[in-house]
>>> print(open('model_17.tsv').read())   # TSV, C-alpha atoms
chain	number	residue	atom	x	y	z
A	1	MET	CA	11.61	-88.97	0.33
A	2	ARG	CA	9.74	-88.13	3.51
A	3	ARG	CA	5.97	-88.04	3.48
A	4	ASP	CA	4.01	-86.95	6.52
A	5	THR	CA	0.53	-88.20	5.76
A	6	GLN	CA	-0.98	-87.02	9.02
A	7	LEU	CA	0.32	-83.52	8.35
A	8	ASP	CA	-1.56	-83.71	5.04
A	9	ALA	CA	-4.64	-84.46	7.15
A	10	LEU	CA	-3.95	-81.36	9.25
A	11	ARG	CA	-3.85	-79.30	6.06
A	12	ALA	CA	-7.24	-80.75	5.14
A	13	ILE	CA	-8.63	-79.79	8.54
A	14	ALA	CA	-7.18	-76.29	8.30
A	15	VAL	CA	-8.63	-75.58	4.84
A	16	THR	CA	-11.99	-77.01	5.90
A	17	MET	CA	-12.03	-74.52	8.77
A	18	VAL	CA	-11.45	-71.70	6.29
A	19	MET	CA	-14.20	-72.88	3.95
A	20	TYR	CA	-16.61	-73.33	6.85
A	21	SER	CA	-15.90	-69.77	7.97
A	22	HIS	CA	-16.44	-68.28	4.50
A	23	PHE	CA	-19.29	-70.51	3.30
A	24	PHE	CA	-21.32	-71.59	6.33
A	25	ALA	CA	-20.60	-69.84	9.65
A	26	ALA	CA	-23.44	-67.63	10.87
A	27	GLY	CA	-22.72	-63.96	10.39
A	28	GLY	CA	-19.53	-64.74	8.50
A	29	SER	CA	-17.71	-65.52	11.75
A	30	SER	CA	-13.96	-65.67	11.20
A	31	PHE	CA	-13.29	-67.80	14.31
A	32	TRP	CA	-12.60	-71.16	12.66
A	33	GLY	CA	-11.02	-69.57	9.60
A	34	HIS	CA	-8.56	-67.73	11.84
A	35	ILE	CA	-7.58	-70.96	13.62
A	36	GLY	CA	-7.20	-72.69	10.26
A	37	VAL	CA	-4.82	-70.02	8.99
A	38	ARG	CA	-2.79	-70.11	12.21
A	39	LEU	CA	-2.51	-73.89	11.83
A	40	PHE	CA	-1.25	-73.40	8.27
A	41	PHE	CA	1.41	-71.01	9.58
A	42	VAL	CA	2.65	-73.44	12.24
A	43	LEU	CA	2.77	-76.23	9.64
A	44	SER	CA	4.69	-74.07	7.18
A	45	GLY	CA	7.22	-72.95	9.77
A	46	PHE	CA	7.79	-76.53	10.90
A	47	LEU	CA	8.05	-78.17	7.47
A	48	ILE	CA	10.19	-75.53	5.81
A	49	THR	CA	12.63	-75.40	8.71
A	50	ARG	CA	12.87	-79.19	9.05
A	51	LEU	CA	13.46	-79.60	5.32
A	52	LEU	CA	16.24	-76.99	5.30
A	53	LEU	CA	17.87	-78.47	8.39
A	54	GLU	CA	17.88	-81.91	6.78
A	55	ALA	CA	19.59	-80.44	3.72
A	56	ARG	CA	22.08	-78.61	5.93
A	57	ALA	CA	22.96	-81.82	7.78
A	58	ALA	CA	24.03	-83.63	4.58
A	59	ALA	CA	27.77	-84.05	4.05
A	60	GLU	CA	27.53	-82.60	0.53
A	61	PHE	CA	25.58	-79.49	1.66
A	62	GLU	CA	26.45	-76.12	0.10
A	63	ALA	CA	24.45	-73.09	1.18
A	64	TRP	CA	24.03	-71.16	-2.06
A	65	PRO	CA	23.00	-74.11	-4.29
A	66	ALA	CA	20.53	-75.15	-1.57
A	67	LEU	CA	19.09	-71.63	-1.46
A	68	LYS	CA	18.73	-71.55	-5.22
A	69	SER	CA	16.97	-74.91	-5.20
A	70	PHE	CA	14.66	-73.76	-2.43
A	71	TYR	CA	13.51	-70.66	-4.30
A	72	VAL	CA	13.11	-72.50	-7.61
A	73	ARG	CA	11.11	-75.29	-5.99
A	74	ARG	CA	8.90	-72.80	-4.17
A	75	ALA	CA	8.30	-70.92	-7.42
A	76	LEU	CA	7.31	-74.14	-9.21
A	77	ARG	CA	4.86	-75.04	-6.47
A	78	ILE	CA	3.32	-71.66	-5.66
A	79	PHE	CA	3.54	-69.29	-8.62
A	80	PRO	CA	1.71	-71.06	-11.49
A	81	PRO	CA	-1.75	-71.42	-9.85
A	82	TYR	CA	-1.35	-68.14	-8.00
A	83	PHE	CA	-0.69	-66.08	-11.11
A	84	ALA	CA	-3.31	-68.05	-13.03
A	85	VAL	CA	-5.84	-66.80	-10.48
A	86	LEU	CA	-4.60	-63.23	-10.81
A	87	GLY	CA	-4.75	-63.53	-14.60
A	88	PHE	CA	-8.35	-64.74	-14.48
A	89	VAL	CA	-9.35	-61.96	-12.07
A	90	TRP	CA	-7.72	-59.38	-14.32
A	91	LEU	CA	-9.40	-60.82	-17.43
A	92	VAL	CA	-12.94	-60.61	-16.02
A	93	ASP	CA	-12.24	-57.77	-13.56
A	94	LEU	CA	-13.89	-59.85	-10.85
A	95	ASP	CA	-15.15	-57.69	-7.98
A	96	GLN	CA	-13.47	-54.70	-9.69
A	97	SER	CA	-10.07	-56.02	-8.62
A	98	ARG	CA	-7.83	-54.72	-11.39
A	99	GLY	CA	-6.75	-51.64	-9.46
A	100	SER	CA	-5.08	-53.71	-6.74
A	101	LEU	CA	-3.56	-56.53	-8.81
A	102	ALA	CA	-0.05	-55.09	-8.79
A	103	TRP	CA	0.02	-55.36	-4.99
A	104	HIS	CA	-1.16	-58.97	-5.08
A	105	ALA	CA	1.29	-59.86	-7.86
A	106	LEU	CA	4.13	-58.63	-5.65
A	107	TYR	CA	2.83	-60.61	-2.67
A	108	LEU	CA	1.93	-57.44	-0.80
A	109	SER	CA	-1.76	-58.24	-0.31
A	110	ASN	CA	-1.46	-57.91	3.46
A	111	PHE	CA	-0.06	-54.39	3.10
A	112	TRP	CA	-2.79	-53.45	0.60
A	113	PHE	CA	-5.61	-54.38	2.98
A	114	ALA	CA	-3.81	-52.96	6.03
A	115	LEU	CA	-3.30	-49.58	4.38
A	116	ARG	CA	-6.92	-49.39	3.23
A	117	ASN	CA	-8.22	-50.85	6.50
A	118	GLU	CA	-10.99	-52.70	4.65
A	119	TRP	CA	-11.43	-56.02	2.84
A	120	THR	CA	-11.74	-54.57	-0.64
A	121	PRO	CA	-11.74	-56.39	-3.01
A	122	TRP	CA	-13.06	-59.26	-0.92
A	123	VAL	CA	-12.49	-61.83	-3.66
A	124	LEU	CA	-8.73	-61.47	-3.08
A	125	ALA	CA	-8.86	-60.91	0.67
A	126	HIS	CA	-7.62	-64.42	1.45
A	127	LEU	CA	-4.34	-63.71	-0.34
A	128	TRP	CA	-3.09	-61.80	2.71
A	129	SER	CA	-1.96	-65.06	4.35
A	130	LEU	CA	-0.18	-66.24	1.20
A	131	SER	CA	1.67	-62.92	1.13
A	132	ILE	CA	2.74	-63.44	4.74
A	133	GLU	CA	4.08	-66.88	3.88
A	134	GLU	CA	5.92	-65.64	0.80
A	135	GLN	CA	7.54	-62.86	2.84
A	136	PHE	CA	8.58	-65.55	5.33
A	137	TYR	CA	9.99	-67.75	2.54
A	138	ILE	CA	12.19	-64.92	1.27
A	139	VAL	CA	13.97	-64.32	4.57
A	140	TRP	CA	13.79	-67.50	6.65
A	141	PRO	CA	15.87	-69.85	4.44
A	142	LEU	CA	18.75	-67.37	4.63
A	143	ILE	CA	18.63	-67.59	8.41
A	144	VAL	CA	18.28	-71.38	8.63
A	145	LEU	CA	21.04	-72.13	6.12
A	146	LEU	CA	23.52	-69.40	7.00
A	147	ALA	CA	23.15	-68.68	10.72
A	148	PRO	CA	25.17	-70.75	13.23
A	149	ARG	CA	23.26	-73.96	13.82
A	150	ARG	CA	23.45	-73.67	17.60
A	151	ARG	CA	21.80	-70.22	17.47
A	152	LEU	CA	18.67	-71.21	15.55
A	153	GLY	CA	16.60	-72.03	18.62
A	154	ALA	CA	17.41	-68.67	20.18
A	155	ILE	CA	16.59	-66.92	16.89
A	156	CYS	CA	13.16	-68.62	16.79
A	157	ILE	CA	12.44	-67.56	20.37
A	158	GLY	CA	13.55	-64.02	19.54
A	159	VAL	CA	11.17	-63.87	16.57
A	160	ILE	CA	8.30	-65.11	18.75
A	161	LEU	CA	9.05	-62.47	21.40
A	162	LEU	CA	9.29	-59.77	18.72
A	163	SER	CA	5.89	-60.79	17.40
A	164	LEU	CA	4.38	-60.72	20.87
A	165	SER	CA	5.88	-57.32	21.65
A	166	TYR	CA	4.46	-55.96	18.38
A	167	ARG	CA	0.99	-56.58	19.75
A	168	PHE	CA	1.60	-54.23	22.68
A	169	TYR	CA	1.79	-51.31	20.26
A	170	TRP	CA	-1.94	-51.19	19.71
A	171	PRO	CA	-3.16	-49.85	23.06
A	172	ILE	CA	-1.10	-46.74	22.36
A	173	THR	CA	-2.65	-46.17	18.93
A	174	GLY	CA	-6.25	-46.37	20.09
A	175	ALA	CA	-8.84	-48.00	17.82
A	176	PRO	CA	-7.98	-51.44	16.37
A	177	SER	CA	-7.33	-51.75	12.66
A	178	LEU	CA	-6.61	-54.49	10.14
A	179	ALA	CA	-2.92	-53.65	10.34
A	180	ARG	CA	-2.56	-55.30	13.74
A	181	ASP	CA	-3.53	-58.64	12.16
A	182	LEU	CA	-2.08	-58.32	8.67
A	183	LEU	CA	1.41	-56.87	8.99
A	184	PRO	CA	4.13	-59.57	9.06
A	185	PRO	CA	4.99	-59.43	12.80
A	186	ALA	CA	1.41	-60.41	13.65
A	187	SER	CA	1.92	-63.88	12.18
A	188	MET	CA	5.62	-64.47	12.77
A	189	ASP	CA	4.93	-66.02	16.18
A	190	ALA	CA	3.04	-68.93	14.60
A	191	LEU	CA	5.61	-69.42	11.84
A	192	ALA	CA	8.52	-69.20	14.29
A	193	ALA	CA	6.76	-71.55	16.74
A	194	GLY	CA	6.60	-74.18	14.00
A	195	ALA	CA	10.23	-73.50	13.14
A	196	LEU	CA	11.24	-73.86	16.81
A	197	LEU	CA	9.52	-77.25	16.86
A	198	ALA	CA	11.62	-78.34	13.86
A	199	VAL	CA	14.83	-77.11	15.51
A	200	HIS	CA	13.92	-78.88	18.74
A	201	ARG	CA	13.03	-82.10	16.95
A	202	THR	CA	16.52	-82.43	15.47
A	203	GLY	CA	17.85	-82.88	18.99
A	204	THR	CA	15.13	-84.87	20.73
A	205	ALA	CA	11.75	-86.36	19.91
A	206	GLN	CA	10.26	-85.23	23.23
A	207	LEU	CA	8.40	-81.97	23.67
A	208	PRO	CA	9.16	-79.85	26.74
A	209	GLN	CA	7.14	-81.03	29.72
A	210	TRP	CA	5.29	-77.74	30.12
A	211	LEU	CA	4.02	-78.02	26.55
A	212	ARG	CA	3.07	-81.70	26.77
A	213	LEU	CA	1.14	-81.17	29.99
A	214	GLY	CA	-0.05	-77.61	29.55
A	215	TRP	CA	-1.47	-77.38	26.03
A	216	PRO	CA	-4.97	-78.65	27.00
A	217	GLY	CA	-5.20	-75.83	29.52
A	218	PHE	CA	-4.27	-73.25	26.89
A	219	ALA	CA	-6.88	-74.70	24.53
A	220	ALA	CA	-9.59	-74.67	27.21
A	221	ALA	CA	-8.81	-71.06	28.16
A	222	PHE	CA	-8.97	-70.06	24.51
A	223	PHE	CA	-12.40	-71.61	23.91
A	224	VAL	CA	-13.83	-70.16	27.14
A	225	LEU	CA	-12.60	-66.71	26.18
A	226	GLN	CA	-13.90	-67.01	22.63
A	227	TRP	CA	-17.34	-68.45	23.35
A	228	PHE	CA	-18.33	-67.36	26.84
A	229	ILE	CA	-16.74	-63.94	27.43
A	230	PRO	CA	-18.26	-61.14	25.33
A	231	THR	CA	-16.12	-58.64	23.50
A	232	PRO	CA	-15.55	-55.59	25.74
A	233	THR	CA	-16.57	-52.18	24.44
A	234	ASP	CA	-13.56	-50.52	26.05
A	235	SER	CA	-10.65	-50.48	23.58
A	236	VAL	CA	-7.99	-51.41	26.16
A	237	HIS	CA	-9.92	-54.45	27.40
A	238	GLU	CA	-10.74	-55.39	23.81
A	239	TRP	CA	-7.03	-55.29	23.07
A	240	GLY	CA	-6.30	-57.62	25.99
A	241	ARG	CA	-8.92	-60.10	24.83
A	242	TRP	CA	-7.55	-59.98	21.27
A	243	LEU	CA	-4.01	-60.54	22.54
A	244	LEU	CA	-5.04	-63.65	24.46
A	245	LEU	CA	-7.00	-65.03	21.51
A	246	GLU	CA	-3.89	-64.70	19.36
A	247	VAL	CA	-1.44	-66.23	21.83
A	248	LEU	CA	-3.38	-68.99	23.61
A	249	PRO	CA	-3.82	-71.25	20.52
A	250	LEU	CA	-0.09	-71.41	19.78
A	251	ALA	CA	0.78	-74.13	22.30
A	252	PRO	CA	-2.11	-76.44	21.30
A	253	LEU	CA	-1.36	-76.00	17.59
A	254	VAL	CA	2.33	-76.77	18.08
A	255	ALA	CA	1.44	-79.83	20.18
A	256	VAL	CA	-0.93	-81.11	17.48
A	257	VAL	CA	1.66	-80.63	14.72
A	258	ALA	CA	4.32	-82.31	16.88
A	259	SER	CA	2.10	-85.34	17.52
A	260	CYS	CA	1.09	-85.74	13.88
A	261	SER	CA	4.67	-85.36	12.67
A	262	LEU	CA	5.58	-88.46	14.67
A	263	GLY	CA	2.37	-90.26	13.72
A	264	LEU	CA	-0.63	-90.73	15.99
A	265	GLY	CA	-1.84	-94.24	16.67
A	266	GLY	CA	-5.19	-95.63	17.68
A	267	TYR	CA	-8.51	-94.30	16.46
A	268	ARG	CA	-7.11	-90.78	16.04
A	269	GLY	CA	-4.41	-92.05	13.73
A	270	ARG	CA	-6.93	-94.08	11.74
A	271	LEU	CA	-9.14	-91.01	11.33
A	272	LEU	CA	-6.22	-88.88	10.14
A	273	ASP	CA	-5.18	-91.59	7.70
A	274	LEU	CA	-8.55	-91.71	5.94
A	275	PRO	CA	-7.94	-91.43	2.15
A	276	PRO	CA	-10.49	-88.61	1.55
A	277	LEU	CA	-8.84	-86.49	4.24
A	278	LEU	CA	-5.37	-87.11	2.80
A	279	ALA	CA	-6.60	-86.32	-0.71
A	280	LEU	CA	-8.05	-83.02	0.50
A	281	GLY	CA	-4.76	-82.20	2.21
A	282	ARG	CA	-2.91	-82.87	-1.02
A	283	ILE	CA	-4.96	-80.25	-2.91
A	284	SER	CA	-5.36	-77.87	0.04
A	285	TYR	CA	-3.29	-75.11	-1.55
A	286	GLY	CA	-5.59	-75.03	-4.57
A	287	VAL	CA	-8.69	-75.23	-2.38
A	288	TYR	CA	-7.52	-72.22	-0.38
A	289	LEU	CA	-6.45	-70.30	-3.47
A	290	TYR	CA	-9.60	-70.89	-5.53
A	291	HIS	CA	-12.37	-70.94	-2.94
A	292	ALA	CA	-13.11	-67.20	-2.86
A	293	ILE	CA	-13.08	-66.98	-6.67
A	294	VAL	CA	-15.51	-69.89	-6.91
A	295	LEU	CA	-17.76	-68.33	-4.28
A	296	SER	CA	-17.88	-65.03	-6.14
A	297	LEU	CA	-18.82	-66.78	-9.38
A	298	ALA	CA	-21.45	-68.87	-7.57
A	299	VAL	CA	-23.10	-65.77	-6.12
A	300	LYS	CA	-23.17	-64.16	-9.57
A	301	SER	CA	-24.82	-67.36	-10.86
A	302	GLN	CA	-27.53	-67.39	-8.19
A	303	PRO	CA	-30.41	-67.03	-10.73
A	304	TRP	CA	-29.45	-70.43	-12.21
A	305	ILE	CA	-28.78	-72.22	-8.88
A	306	PRO	CA	-31.82	-73.74	-7.11
A	307	VAL	CA	-30.43	-73.30	-3.57
A	308	ASN	CA	-29.41	-70.13	-1.78
A	309	VAL	CA	-25.70	-69.42	-2.31
A	310	SER	CA	-25.96	-65.67	-1.76
A	311	GLU	CA	-25.89	-66.02	2.03
A	312	GLN	CA	-24.02	-68.09	4.58
A	313	GLY	CA	-25.56	-71.50	5.06
A	314	LEU	CA	-25.77	-75.11	3.99
A	315	GLY	CA	-26.64	-74.32	0.36
A	316	ARG	CA	-23.59	-72.12	-0.08
A	317	PHE	CA	-21.34	-74.62	1.69
A	318	LEU	CA	-22.48	-77.55	-0.45
A	319	VAL	CA	-22.51	-75.78	-3.84
A	320	ALA	CA	-19.47	-73.53	-3.48
A	321	GLY	CA	-17.56	-76.16	-1.50
A	322	THR	CA	-18.17	-78.91	-4.06
A	323	ALA	CA	-17.28	-76.61	-6.95
A	324	THR	CA	-14.09	-75.56	-5.17
A	325	LEU	CA	-13.04	-79.19	-4.66
A	326	ILE	CA	-13.65	-79.96	-8.33
A	327	VAL	CA	-11.65	-76.95	-9.54
A	328	ALA	CA	-8.79	-77.66	-7.12
A	329	SER	CA	-8.69	-81.36	-8.09
A	330	VAL	CA	-8.55	-80.59	-11.81
A	331	SER	CA	-5.91	-77.94	-11.18
A	332	TRP	CA	-3.79	-80.40	-9.19
A	333	LEU	CA	-4.01	-83.24	-11.70
A	334	LEU	CA	-3.61	-81.29	-14.93
A	335	PHE	CA	-1.63	-78.22	-13.90
A	336	GLU	CA	0.08	-78.28	-10.51
A	337	LYS	CA	1.22	-81.91	-10.28
A	338	PRO	CA	3.09	-81.95	-13.63
A	339	LEU	CA	4.88	-78.72	-12.71
A	340	ASN	CA	5.54	-80.02	-9.22
A	341	SER	CA	7.34	-83.02	-10.70
A	342	LEU	CA	9.97	-80.68	-12.13
A	343	LYS	CA	11.29	-80.12	-8.62
A	344	ARG	CA	13.29	-83.32	-8.95
A	345	HIS	CA	15.70	-81.38	-11.16
A	346	PHE	CA	16.51	-79.03	-8.26
A	347	PRO	CA	17.66	-81.15	-5.30
A	348	TYR	CA	18.76	-79.36	-2.17
A	349	VAL	CA	21.88	-81.49	-1.97
A	350	ALA	CA	23.34	-82.62	-5.28
A	351	PRO	CA	24.80	-86.14	-5.25
A	352	ARG	CA	28.19	-84.73	-6.27
A	353	ALA	CA	30.35	-87.58	-4.97
A	354	ALA	CA	28.74	-90.31	-7.04
A	355	ALA	CA	28.57	-88.07	-10.08
A	356	ALA	CA	32.25	-87.21	-9.81
A	357	ILE	CA	33.21	-90.89	-9.54
A	358	ARG	CA	31.14	-91.83	-12.58
A	359	GLU	CA	32.60	-88.94	-14.54
A	360	GLY	CA	36.14	-89.98	-13.64
A	361	ALA	CA	35.47	-93.57	-14.70
A	362	ALA	CA	34.00	-92.39	-18.00
A	363	ILE	CA	37.02	-90.18	-18.69
A	364	ARG	CA	39.46	-93.00	-17.99
A	365	GLU	CA	37.49	-95.45	-20.10
A	366	GLY	CA	37.34	-92.92	-22.93
A	367	ALA	CA	41.07	-92.41	-22.72
A	368	ALA	CA	41.62	-96.14	-23.00
A	369	ILE	CA	39.45	-96.26	-26.11
A	370	ARG	CA	41.37	-93.39	-27.70
A	371	GLU	CA	44.60	-95.36	-27.10
A	372	GLY	CA	43.19	-98.21	-29.17
A	373	VAL	CA	41.97	-100.51	-26.42
A	374	ASN	CA	38.53	-102.07	-26.86
A	375	ALA	CA	36.06	-100.66	-24.36
A	376	ASN	CA	34.83	-104.15	-23.56
A	377	ASP	CA	38.33	-105.45	-22.94
A	378	ILE	CA	40.17	-102.81	-20.95
A	379	GLY	CA	41.23	-105.27	-18.34
A	380	TRP	CA	40.72	-105.35	-14.63
A	381	PHE	CA	40.28	-101.57	-14.26
A	382	GLY	CA	37.44	-101.33	-16.77
A	383	ARG	CA	35.57	-104.30	-15.37
A	384	THR	CA	36.02	-103.06	-11.82
A	385	ALA	CA	35.07	-99.50	-12.70
A	386	ARG	CA	31.84	-100.56	-14.39
A	387	ALA	CA	30.93	-102.92	-11.58
A	388	ARG	CA	31.73	-100.38	-8.92
A	389	PHE	CA	30.38	-97.20	-10.44
A	390	SER	CA	27.38	-98.14	-12.53
A	391	GLY	CA	24.86	-99.19	-9.91
A	392	PRO	CA	25.81	-100.04	-6.35
A	393	LEU	CA	26.97	-96.49	-5.69
A	394	ASP	CA	23.52	-95.24	-6.58
A	395	ASN	CA	22.29	-96.92	-3.44
A	396	ARG	CA	24.82	-94.97	-1.41
A	397	THR	CA	23.99	-91.63	-2.99
A	398	PRO	CA	22.60	-89.28	-0.33
A	399	PRO	CA	18.79	-89.17	-0.61
A	400	LEU	CA	17.24	-85.98	-1.83
A	401	ALA	CA	15.45	-83.86	0.72
A	402	GLY	CA	11.68	-84.30	0.82
A	403	ASP	CA	9.15	-82.24	-1.12
A	404	LEU	CA	8.21	-78.87	0.22
A	405	PRO	CA	4.81	-78.48	1.95
A	406	ARG	CA	1.93	-77.57	-0.28
A	407	THR	CA	0.54	-74.41	1.51
A	408	ASP	CA	2.21	-74.05	2.36
A	409	ARG	CA	-0.55	-72.25	3.37
A	410	GLY	CA	-2.01	-70.92	3.88
>>> encode(input="model_17.tsv", output="structure tokens")
Amino acid sequence: MRRDTQLDALRAIAVTMVMYSHFFAAGGSSFWGHIGVRLFFVLSGFLITRLLLEARAAAEFEAWPALKSFYVRRALRIFPPYFAVLGFVWLVDLDQSRGSLAWHALYLSNFWFALRNEWTPWVLAHLWSLSIEEQFYIVWPLIVLLAPRRRLGAICIGVILLSLSYRFYWPITGAPSLARDLLPPASMDALAAGALLAVHRTGTAQLPQWLRLGWPGFAAAFFVLQWFIPTPTDSVHEWGRWLLLEVLPLAPLVAVVASCSLGLGGYRGRLLDLPPLLALGRISYGVYLYHAIVLSLAVKSQPWIPVNVSEQGLGRFLVAGTATLIVASVSWLLFEKPLNSLKRHFPYVAPRAAAAIREGAAIREGAAIREGVNANDIGWFGRTARARFSGPLDNRTPPLAGDLPRTDRG
């Protein structure tokens, strides 16, 4: 079972960016939170696609059983904590959220906020990215498992180009709105970029030269544009700046995911392998899911909290951040992890060959017993069958595909 520990560390970094943006950043800046979510998308696209391609490459692969296993495993990982959050919000009507819960329950949060063009209710605003990922999970496995294998790279590039072309619609419409960030095409470039990396990695471990050499330049241009060039007041120039801020980070994020998927060495590898960072990555889905709920409750509890949690700053980051980690850890240990273990019952590729051999041996041995032959003395065939089918074949059974990513997700 494949474990990518350094990708767990990237999840930890991504969710820390989100918490920093919501708990600490001056003025509620969304800069780091946006990068964190885009990193989650690249990770999800890469891991989901790689996992499905590994299942598809197995000799015993069958498309429809693999699809069923994918959806069941995703449901076991994502749904229980997600709907527990929605149930709690409904029970206490947190931030007067009951009126929108049907949208969130159907994973249409991004459409809800896009149609209203405002972050109301804020306590569920972060669910927009989980809705994007769920919409991706519904469609993408069908493409990866059913489309011709040789066409997958071209399909990924087509999705990226479609996402980029979507962004050129906004200068025609005039004033920017939340829809340009929240509708599915706005995030498909990051998801498809991660998927393209997975498709590419099945053929070669090397990244294209332009990406290996050029990603630092993209990163530098992004940071200069973000920090040193003010937002234009003219809507057309503002659109151009927004377009660059969306596109420029893609190459650096893909390069980082590619490096960590192979395993970084040296001091960078040692940093990414630190146990606290890996532990945070393991519970990152819960941290992302619960952090806004915890923040809302902390603000309501301000009269009993000695530090200021009502505004962005160190007090909010320490109190709400610590409480979020505690809630997510308890959720993982007592709720998510036990349910996650049930995924072993839904392998992507069933070990049918070994099972069929064992079943045939059992049938023949049973027939011998019914004919009056002692099961312990059925001659050469019985001894050979038990020796051949009761253990050594287990070691030749195709390994199950690895666990799905815990987003995930973001």
>>> atom_distance(input="model_17.tsv", atom1="atom CA of A:Asp189", atom2="atom CA of A:Trp103")
24.2 Å
>>> atom_distance(input="model_17.tsv", atom1="atom CA of A:Ser235", atom2="atom CA of A:Leu164")
18.4 Å
>>> atom_distance(input="model_17.tsv", atom1="atom CA of A:Ala14", atom2="atom CA of A:Tyr71")
24.9 Å
>>> residues_around(input="model_17.tsv", residues="A:Ser30", least_positions_apart="3", cutoff="6 Å", atoms="all atoms listed in the file", output="list of chain:residue names")
A:Ser21, A:Gly33, A:His34
>>> residues_around(input="model_17.tsv", residues="A:Leu243", least_positions_apart="2", cutoff="12 Å", atoms="only C-alpha atoms", output="list in words")
Ser163, Leu164, Ser165, Tyr166, Arg167, Phe168, Tyr169, Trp170, Pro171, Pro176, Arg180, Asp181, Ala186, Phe222, Leu225, Gln226, Val236, His237, Glu238, Trp239, Gly240, Arg241, Leu245, Glu246, Val247, Leu248, Pro249 and Leu250 of chain A
>>> write_last_selection(input="model_17.tsv", atoms="C-alpha atoms", output="PDB file, in the frame of the given file")
ATOM      1  CA  SER A 163       5.890 -60.790  17.400  1.00  0.00           C
ATOM      2  CA  LEU A 164       4.380 -60.720  20.870  1.00  0.00           C
ATOM      3  CA  SER A 165       5.880 -57.320  21.650  1.00  0.00           C
ATOM      4  CA  TYR A 166       4.460 -55.960  18.380  1.00  0.00           C
ATOM      5  CA  ARG A 167       0.990 -56.580  19.750  1.00  0.00           C
ATOM      6  CA  PHE A 168       1.600 -54.230  22.680  1.00  0.00           C
ATOM      7  CA  TYR A 169       1.790 -51.310  20.260  1.00  0.00           C
ATOM      8  CA  TRP A 170      -1.940 -51.190  19.710  1.00  0.00           C
ATOM      9  CA  PRO A 171      -3.160 -49.850  23.060  1.00  0.00           C
ATOM     10  CA  PRO A 176      -7.980 -51.440  16.370  1.00  0.00           C
ATOM     11  CA  ARG A 180      -2.560 -55.300  13.740  1.00  0.00           C
ATOM     12  CA  ASP A 181      -3.530 -58.640  12.160  1.00  0.00           C
ATOM     13  CA  ALA A 186       1.410 -60.410  13.650  1.00  0.00           C
ATOM     14  CA  PHE A 222      -8.970 -70.060  24.510  1.00  0.00           C
ATOM     15  CA  LEU A 225     -12.600 -66.710  26.180  1.00  0.00           C
ATOM     16  CA  GLN A 226     -13.900 -67.010  22.630  1.00  0.00           C
ATOM     17  CA  VAL A 236      -7.990 -51.410  26.160  1.00  0.00           C
ATOM     18  CA  HIS A 237      -9.920 -54.450  27.400  1.00  0.00           C
ATOM     19  CA  GLU A 238     -10.740 -55.390  23.810  1.00  0.00           C
ATOM     20  CA  TRP A 239      -7.030 -55.290  23.070  1.00  0.00           C
ATOM     21  CA  GLY A 240      -6.300 -57.620  25.990  1.00  0.00           C
ATOM     22  CA  ARG A 241      -8.920 -60.100  24.830  1.00  0.00           C
ATOM     23  CA  LEU A 245      -7.000 -65.030  21.510  1.00  0.00           C
ATOM     24  CA  GLU A 246      -3.890 -64.700  19.360  1.00  0.00           C
ATOM     25  CA  VAL A 247      -1.440 -66.230  21.830  1.00  0.00           C
ATOM     26  CA  LEU A 248      -3.380 -68.990  23.610  1.00  0.00           C
ATOM     27  CA  PRO A 249      -3.820 -71.250  20.520  1.00  0.00           C
ATOM     28  CA  LEU A 250      -0.090 -71.410  19.780  1.00  0.00           C
TER      29      LEU A 250
END
